[in-house]
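Shown here: structure_15.tsv, TSV, C-alpha atoms.
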```tsv
chain	number	residue	atom	x	y	z
R	1	MET	CA	-23.99	-6.54	15.60
R	2	THR	CA	-22.73	-3.06	16.36
R	3	GLU	CA	-19.26	-1.87	15.40
R	4	PRO	CA	-17.55	-2.35	18.78
R	5	ASP	CA	-18.81	-5.93	18.98
R	6	ARG	CA	-17.54	-6.97	15.60
R	7	ALA	CA	-13.98	-8.28	15.59
R	8	LEU	CA	-11.50	-6.91	13.11
R	9	PHE	CA	-10.32	-9.46	10.57
R	10	VAL	CA	-6.63	-8.99	9.81
R	11	PRO	CA	-5.21	-11.82	7.69
R	12	VAL	CA	-1.50	-12.30	7.05
R	13	LEU	CA	-0.60	-12.79	3.40
R	14	LEU	CA	2.47	-14.95	2.89
R	15	GLY	CA	3.84	-13.45	-0.30
R	16	THR	CA	6.14	-16.12	-1.68
R	17	VAL	CA	5.88	-19.61	-3.11
R	18	ARG	CA	9.60	-20.40	-3.04
R	19	GLN	CA	10.56	-23.80	-1.63
R	20	GLY	CA	12.28	-23.46	1.75
R	21	ARG	CA	10.98	-19.92	2.12
R	22	MET	CA	12.13	-18.22	5.30
R	23	SER	CA	9.10	-15.93	5.23
R	24	LEU	CA	6.97	-18.79	6.55
R	25	PRO	CA	8.11	-18.53	10.20
R	26	VAL	CA	7.77	-14.74	9.89
R	27	ALA	CA	4.15	-15.07	8.76
R	28	ARG	CA	3.43	-17.57	11.52
R	29	LEU	CA	4.90	-15.18	14.07
R	30	LEU	CA	2.69	-12.35	12.84
R	31	VAL	CA	-0.38	-14.59	13.04
R	32	SER	CA	0.59	-15.58	16.57
R	33	GLU	CA	1.07	-11.99	17.69
R	34	LEU	CA	-2.19	-10.88	16.09
R	35	SER	CA	-4.07	-13.77	17.70
R	36	ARG	CA	-3.04	-12.58	21.16
R	37	ARG	CA	-4.78	-9.23	20.69
R	38	PRO	CA	-8.40	-8.91	21.81
R	39	GLY	CA	-10.98	-8.14	19.17
R	40	ILE	CA	-8.81	-9.43	16.32
R	41	GLU	CA	-9.38	-12.45	14.12
R	42	THR	CA	-6.64	-13.56	11.80
R	43	GLU	CA	-5.40	-16.38	9.62
R	44	MET	CA	-2.50	-16.95	7.28
R	45	ILE	CA	-3.20	-16.82	3.57
R	46	ASP	CA	-0.47	-18.58	1.63
R	47	ILE	CA	-0.32	-17.40	-1.97
R	48	ALA	CA	1.05	-20.82	-2.90
R	49	ARG	CA	-2.37	-22.24	-2.05
R	50	ILE	CA	-4.40	-19.81	-4.14
R	51	PRO	CA	-5.18	-21.66	-7.37
R	52	LEU	CA	-4.19	-19.05	-9.93
R	53	PRO	CA	-3.28	-19.76	-13.55
R	54	ILE	CA	-0.27	-18.07	-15.08
R	55	ASP	CA	-1.66	-17.82	-18.61
R	56	ASP	CA	-3.90	-14.91	-17.62
R	57	ALA	CA	-3.84	-12.21	-14.95
R	58	GLY	CA	-5.88	-9.65	-13.09
R	59	GLN	CA	-9.47	-9.80	-11.96
R	60	ALA	CA	-10.33	-12.24	-14.76
R	61	ILE	CA	-8.72	-15.00	-12.67
R	62	LYS	CA	-10.16	-13.92	-9.31
R	63	ASP	CA	-10.26	-16.83	-6.87
R	64	PRO	CA	-13.56	-16.77	-4.95
R	65	THR	CA	-12.04	-17.89	-1.66
R	66	PHE	CA	-9.25	-15.32	-1.74
R	67	ALA	CA	-11.69	-12.61	-2.85
R	68	ALA	CA	-14.01	-13.45	0.04
R	69	GLN	CA	-11.09	-13.26	2.48
R	70	MET	CA	-10.12	-9.85	1.12
R	71	SER	CA	-13.74	-8.65	1.27
R	72	ARG	CA	-13.98	-9.70	4.89
R	73	ALA	CA	-10.62	-8.19	5.82
R	74	ASP	CA	-10.37	-4.87	7.64
R	75	ALA	CA	-6.61	-4.79	7.24
R	76	LEU	CA	-3.89	-6.87	5.68
R	77	VAL	CA	-0.39	-7.80	6.74
R	78	VAL	CA	1.77	-8.55	3.72
R	79	VAL	CA	4.88	-10.61	4.38
R	80	SER	CA	7.07	-9.72	1.44
R	81	PRO	CA	10.47	-11.29	0.89
R	82	GLU	CA	12.96	-9.42	-1.24
R	83	TYR	CA	14.22	-11.35	-4.24
R	84	ASN	CA	16.81	-9.67	-6.48
R	85	HIS	CA	15.99	-6.27	-4.95
R	86	GLY	CA	12.26	-6.59	-5.62
R	87	TYR	CA	9.09	-8.15	-4.28
R	88	SER	CA	7.91	-11.54	-5.46
R	89	GLY	CA	6.27	-11.60	-8.88
R	90	LEU	CA	3.69	-14.10	-7.73
R	91	LEU	CA	2.73	-11.81	-4.84
R	92	LYS	CA	1.82	-9.15	-7.41
R	93	HIS	CA	0.03	-11.79	-9.48
R	94	ALA	CA	-2.14	-12.69	-6.47
R	95	LEU	CA	-2.77	-9.11	-5.37
R	96	ASP	CA	-3.86	-8.09	-8.86
R	97	THR	CA	-6.78	-10.51	-8.85
R	98	CYS	CA	-8.82	-8.23	-6.55
R	99	LEU	CA	-9.56	-4.53	-6.44
R	100	GLU	CA	-12.83	-3.42	-4.85
R	101	GLU	CA	-12.16	-5.86	-2.01
R	102	TYR	CA	-9.18	-3.74	-0.84
R	103	ILE	CA	-10.47	-0.20	-1.03
R	104	HIS	CA	-10.11	1.94	2.09
R	105	LYS	CA	-8.53	-0.89	4.09
R	106	ALA	CA	-5.28	-0.73	6.01
R	107	VAL	CA	-2.12	-2.56	5.00
R	108	GLY	CA	1.21	-3.06	6.70
R	109	VAL	CA	4.25	-4.66	5.10
R	110	VAL	CA	6.77	-6.98	6.72
R	111	GLY	CA	9.97	-7.19	4.73
R	112	VAL	CA	12.16	-10.27	4.79
R	113	SER	CA	15.65	-10.74	3.42
R	114	ALA	CA	18.70	-12.92	3.80
R	115	GLY	CA	20.85	-9.80	3.60
R	116	PRO	CA	21.17	-6.81	5.91
R	117	PHE	CA	18.39	-4.54	4.64
R	118	GLY	CA	15.29	-6.39	5.81
R	119	GLY	CA	13.41	-6.26	2.54
R	120	THR	CA	13.33	-2.46	2.42
R	121	ARG	CA	13.91	-2.27	-1.32
R	122	GLY	CA	11.03	-4.63	-2.00
R	123	ILE	CA	8.79	-2.68	0.36
R	124	GLN	CA	9.55	0.60	-1.36
R	125	ASP	CA	8.59	-0.91	-4.71
R	126	LEU	CA	5.46	-2.51	-3.30
R	127	LEU	CA	4.02	0.63	-1.69
R	128	PRO	CA	2.82	2.35	-4.90
R	129	VAL	CA	1.20	-0.91	-5.99
R	130	LEU	CA	-0.71	-1.14	-2.71
R	131	ARG	CA	-1.79	2.47	-3.04
R	132	GLU	CA	-3.15	1.91	-6.55
R	133	LEU	CA	-5.11	-1.08	-5.24
R	134	GLY	CA	-6.89	1.26	-2.83
R	135	LEU	CA	-5.15	0.06	0.30
R	136	VAL	CA	-3.92	2.56	2.90
R	137	ALA	CA	-0.35	1.83	3.97
R	138	ILE	CA	0.73	2.50	7.55
R	139	PHE	CA	4.07	4.14	8.36
R	140	TRP	CA	5.46	1.28	10.44
R	141	ASP	CA	7.17	-1.64	8.72
R	142	VAL	CA	8.86	-4.65	10.26
R	143	ASN	CA	12.16	-5.60	8.66
R	144	PHE	CA	13.61	-9.07	9.11
R	145	SER	CA	17.28	-8.88	8.14
R	146	ALA	CA	19.47	-12.00	7.90
R	147	VAL	CA	16.28	-13.95	8.47
R	148	GLN	CA	18.13	-17.27	8.45
R	149	THR	CA	19.58	-16.28	11.83
R	150	VAL	CA	16.36	-14.98	13.40
R	151	PHE	CA	14.57	-18.32	13.82
R	152	ASP	CA	15.84	-21.70	14.90
R	153	GLU	CA	15.29	-24.90	12.90
R	154	ALA	CA	11.88	-25.39	14.51
R	155	GLY	CA	10.81	-21.91	13.44
R	156	THR	CA	11.00	-20.47	16.94
R	157	LEU	CA	12.02	-16.85	17.26
R	158	ARG	CA	15.58	-16.48	18.55
R	159	ASP	CA	15.81	-12.69	18.56
R	160	ARG	CA	13.19	-11.36	20.99
R	161	ALA	CA	13.90	-7.78	19.93
R	162	TYR	CA	11.46	-8.33	17.09
R	163	LEU	CA	8.51	-8.57	19.47
R	164	PRO	CA	8.34	-4.89	20.51
R	165	ARG	CA	8.83	-3.87	16.87
R	166	ILE	CA	5.91	-6.07	15.86
R	167	ASP	CA	3.86	-4.63	18.71
R	168	LYS	CA	4.35	-1.06	17.45
R	169	PHE	CA	3.56	-2.15	13.90
R	170	LEU	CA	0.36	-3.93	14.91
R	171	LYS	CA	-0.83	-1.10	17.15
R	172	GLU	CA	-0.64	1.27	14.23
R	173	LEU	CA	-2.24	-1.22	11.86
R	174	VAL	CA	-5.17	-1.91	14.20
R	175	TRP	CA	-5.74	1.81	14.78
R	176	MET	CA	-5.81	2.41	11.05
R	177	ALA	CA	-8.09	-0.59	10.49
R	178	ARG	CA	-10.60	0.67	13.07
R	179	THR	CA	-10.48	4.19	11.70
R	180	LEU	CA	-10.95	3.10	8.11
R	181	ARG	CA	-13.76	0.73	9.03
R	182	HIS	CA	-15.55	3.62	10.72
R	183	GLY	CA	-15.01	5.69	7.59
R	184	ARG	CA	-16.17	3.00	5.19
R	185	GLU	CA	-19.30	2.39	7.17
R	186	SER	CA	-20.20	5.87	8.38
R	187	ILE	CA	-18.54	8.70	6.44
R	188	ALA	CA	-19.91	9.34	2.98
R	189	LEU	CA	-18.08	10.99	0.13
R	190	GLU	CA	-19.02	14.61	-0.30
R	191	SER	CA	-22.08	15.01	-2.48
R	192	GLU	CA	-21.93	17.04	-5.68
R	193	PRO	CA	-21.32	20.77	-4.99
A	1	MET	CA	-28.12	8.61	-7.20
A	2	THR	CA	-30.02	5.45	-6.31
A	3	ALA	CA	-29.23	4.16	-2.85
A	4	MET	CA	-27.31	0.89	-2.58
A	5	ILE	CA	-29.11	-1.47	-0.23
A	6	CYS	CA	-27.27	-4.16	1.71
A	7	PRO	CA	-28.59	-7.54	0.54
A	8	THR	CA	-28.09	-8.99	4.02
A	9	CYS	CA	-29.36	-6.20	6.30
A	10	GLY	CA	-31.75	-4.37	3.98
A	11	ILE	CA	-30.41	-0.95	4.95
A	12	GLU	CA	-28.75	1.77	2.91
A	13	MET	CA	-25.02	1.28	2.44
A	14	ASN	CA	-22.48	4.07	2.84
A	15	HIS	CA	-20.93	5.38	-0.37
A	16	HIS	CA	-17.33	5.91	0.71
A	17	ALA	CA	-15.15	5.72	-2.40
A	18	GLU	CA	-14.96	6.16	-6.13
A	19	LYS	CA	-12.13	4.45	-7.99
A	20	LEU	CA	-11.08	5.19	-11.54
A	21	VAL	CA	-10.62	1.95	-13.46
A	22	TYR	CA	-9.78	1.44	-17.09
A	23	PRO	CA	-11.64	-0.72	-19.60
A	24	SER	CA	-10.38	-4.26	-19.99
A	25	GLY	CA	-11.45	-4.42	-23.62
A	26	PRO	CA	-13.66	-2.99	-26.36
A	27	HIS	CA	-16.78	-4.35	-24.69
A	28	GLU	CA	-16.41	-1.75	-21.94
A	29	ALA	CA	-15.50	1.18	-24.18
A	30	SER	CA	-19.00	2.64	-24.05
A	31	SER	CA	-18.76	2.89	-20.25
A	32	VAL	CA	-15.71	5.14	-20.30
A	33	ASP	CA	-16.29	8.57	-18.83
A	34	PRO	CA	-15.09	11.02	-21.48
A	35	VAL	CA	-14.01	13.56	-18.87
A	36	LEU	CA	-12.14	11.25	-16.53
A	37	GLY	CA	-10.75	8.84	-19.12
A	38	GLY	CA	-11.95	5.67	-17.44
A	39	MET	CA	-14.84	4.19	-15.55
A	40	ILE	CA	-15.81	5.18	-12.04
A	41	GLU	CA	-16.43	2.27	-9.71
A	42	GLU	CA	-18.55	3.32	-6.71
A	43	LEU	CA	-17.73	1.54	-3.45
A	44	TYR	CA	-20.25	1.00	-0.67
A	45	THR	CA	-20.07	-0.55	2.79
A	46	CYS	CA	-22.93	-1.60	5.04
A	47	PRO	CA	-22.86	0.25	8.38
A	48	ARG	CA	-24.38	-2.75	10.15
A	49	CYS	CA	-22.58	-5.85	8.86
A	50	GLY	CA	-19.57	-4.27	7.15
A	51	SER	CA	-20.02	-6.05	3.84
A	52	GLY	CA	-19.01	-4.24	0.68
A	53	ALA	CA	-20.58	-3.71	-2.72
A	54	SER	CA	-19.73	-1.81	-5.88
A	55	ARG	CA	-21.22	-0.64	-9.15
A	56	HIS	CA	-20.21	1.40	-12.18
A	57	ALA	CA	-21.19	5.07	-12.00
A	58	GLU	CA	-22.97	6.78	-14.84
A	59	PRO	CA	-20.50	8.74	-17.02
A	60	THR	CA	-20.42	12.46	-16.28
A	61	ARG	CA	-21.34	15.01	-18.86
A	62	GLY	CA	-18.33	16.66	-20.51
A	63	GLU	CA	-19.49	20.23	-19.91
```
Kindly return the structure encoded in the file as structure tokens.
Amino acid sequence: MTEPDRALFVPVLLGTVRQGRMSLPVARLLVSELSRRPGIETEMIDIARIPLPIDDAGQAIKDPTFAAQMSRADALVVVSPEYNHGYSGLLKHALDTCLEEYIHKAVGVVGVSAGPFGGTRGIQDLLPVLRELGLVAIFWDVNFSAVQTVFDEAGTLRDRAYLPRIDKFLKELVWMARTLRHGRESIALESEP
Amino acid sequence: MTAMICPTCGIEMNHHAEKLVYPSGPHEASSVDPVLGGMIEELYTCPRCGSGASRHAEPTRGE
């Protein structure tokens, strides 16, 4: 299959295990918006469903299913709630189980908070982690502030202003994913001088 | 450098990245590059199917 025929795989990583998490409707919305775009395959990956022990960490506890999803991915959307001004510890725990699977792939972060800042503090702390993992972060974020007011009880989006923001975010992410896939597959590192 | 061949497609994979990683224990100490201070992981991607592969690079000479 040639490059233009092969769909991009862009999973959405739900980065919290907290009961009653308001990031769940956010992740579902991102999956829905990605699914509407031609040439994109997506699914939600819930870190609560990755069977990871907490008496070890890193690649030693790599989950084969999650690793295969990351290997297949061309880009990643991380839905990252902000807890106590930081990202979720278990999100880092899950991310740290892979490395080579991420390298030269695009990532975009969606911040979520109950307060007014839309997860920006958690995003800022997460970016250097993503960089060290070999991911390439885009310059668009989506910030869900006061998330408890953004969706109704059924998880339906109340505030339609988020849709054009998500559109801009996904356009940039897909462009970066296509560009990086071309690079991974076709552009070699410089040889020794 | 020996070419990395895609196990699925049988064609040469593209060498697109080198990542410095650090040893996880004494068993990997002999693989540490004395110049770079860690181990170089070479990353490859198949231009046909897009699958990835990796391997440790040989340590460089500290000249």
- Message: Using all atoms listed in the file and a cut-off of 6 Å, which residues of chain R sit close to chain A? Please list them as a PyMOL selection string.
- Response: chain R and resi 184-185+188-189
- Task: Give as a PyMOL selection string the set of residues within 12 Å of the point (6.3, -12.8, -8.0), where distances use the file's coordinates and only C-alpha atoms.
- Result: chain R and resi 14-18+47-48+54+80-84+86-96+122+126
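Atom pair atom CA of Thr120 of chain R / atom CA of Ala161 of chain R: separated by 18.3 Å.
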- Note on the structure: Here atom CA of Thr2 of chain A and atom CA of Pro59 of chain A stand apart by 14.7 Å
- Query: Of the candidates R:Leu99, R:Val112, R:Ala154, R:Leu76, which shows the shortest atom-to-atom distance to Ile138 of chain R, using only C-alpha atoms?
  - Reply: R:Leu76
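With distances restricted to all atoms listed in the file, R:Arg72 is the closest residue to Phe9 of chain R from R:Arg158, R:Lys168, R:Lys105, R:Arg72.
Residues of protein, DNA or RNA having at least one counted atom within 12 Å of (-11.9, 2.3, -16.9), given all atoms listed in the file, are Glu18, Lys19, Leu20, Val21, Tyr22, Pro23, Ser24, Gly25, Pro26, His27, Glu28, Ala29, Ser30, Ser31, Val32, Asp33, Pro34, Val35, Leu36, Gly37, Gly38, Met39, Ile40, Glu41, His56, Ala57 and Pro59 of chain A.
Pairwise distance (atom CA of Ile45 of chain R, atom CA of Leu130 of chain R) equals 17.1 Å.
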Report, as AutoDock Vina command-line options, the axis-aligned box around all atoms of segment 108-125 of chain R present in the file, extended by 3 Å on each side; give centre and edge lengths in Å to one decimal place.
```
--center_x 11.2 --center_y -6.2 --center_z 1.0 --size_x 26.0 --size_y 19.5 --size_z 17.4
```
- Could you give me, as a ChimeraX atom specification, the residues within 12 Å of Met44 of chain R, counting all atoms listed in the file and dropping anything in the same chain fewer than 3 positions from it? /R:9-15,23-32,34-35,41,47-50,66,69,76-79
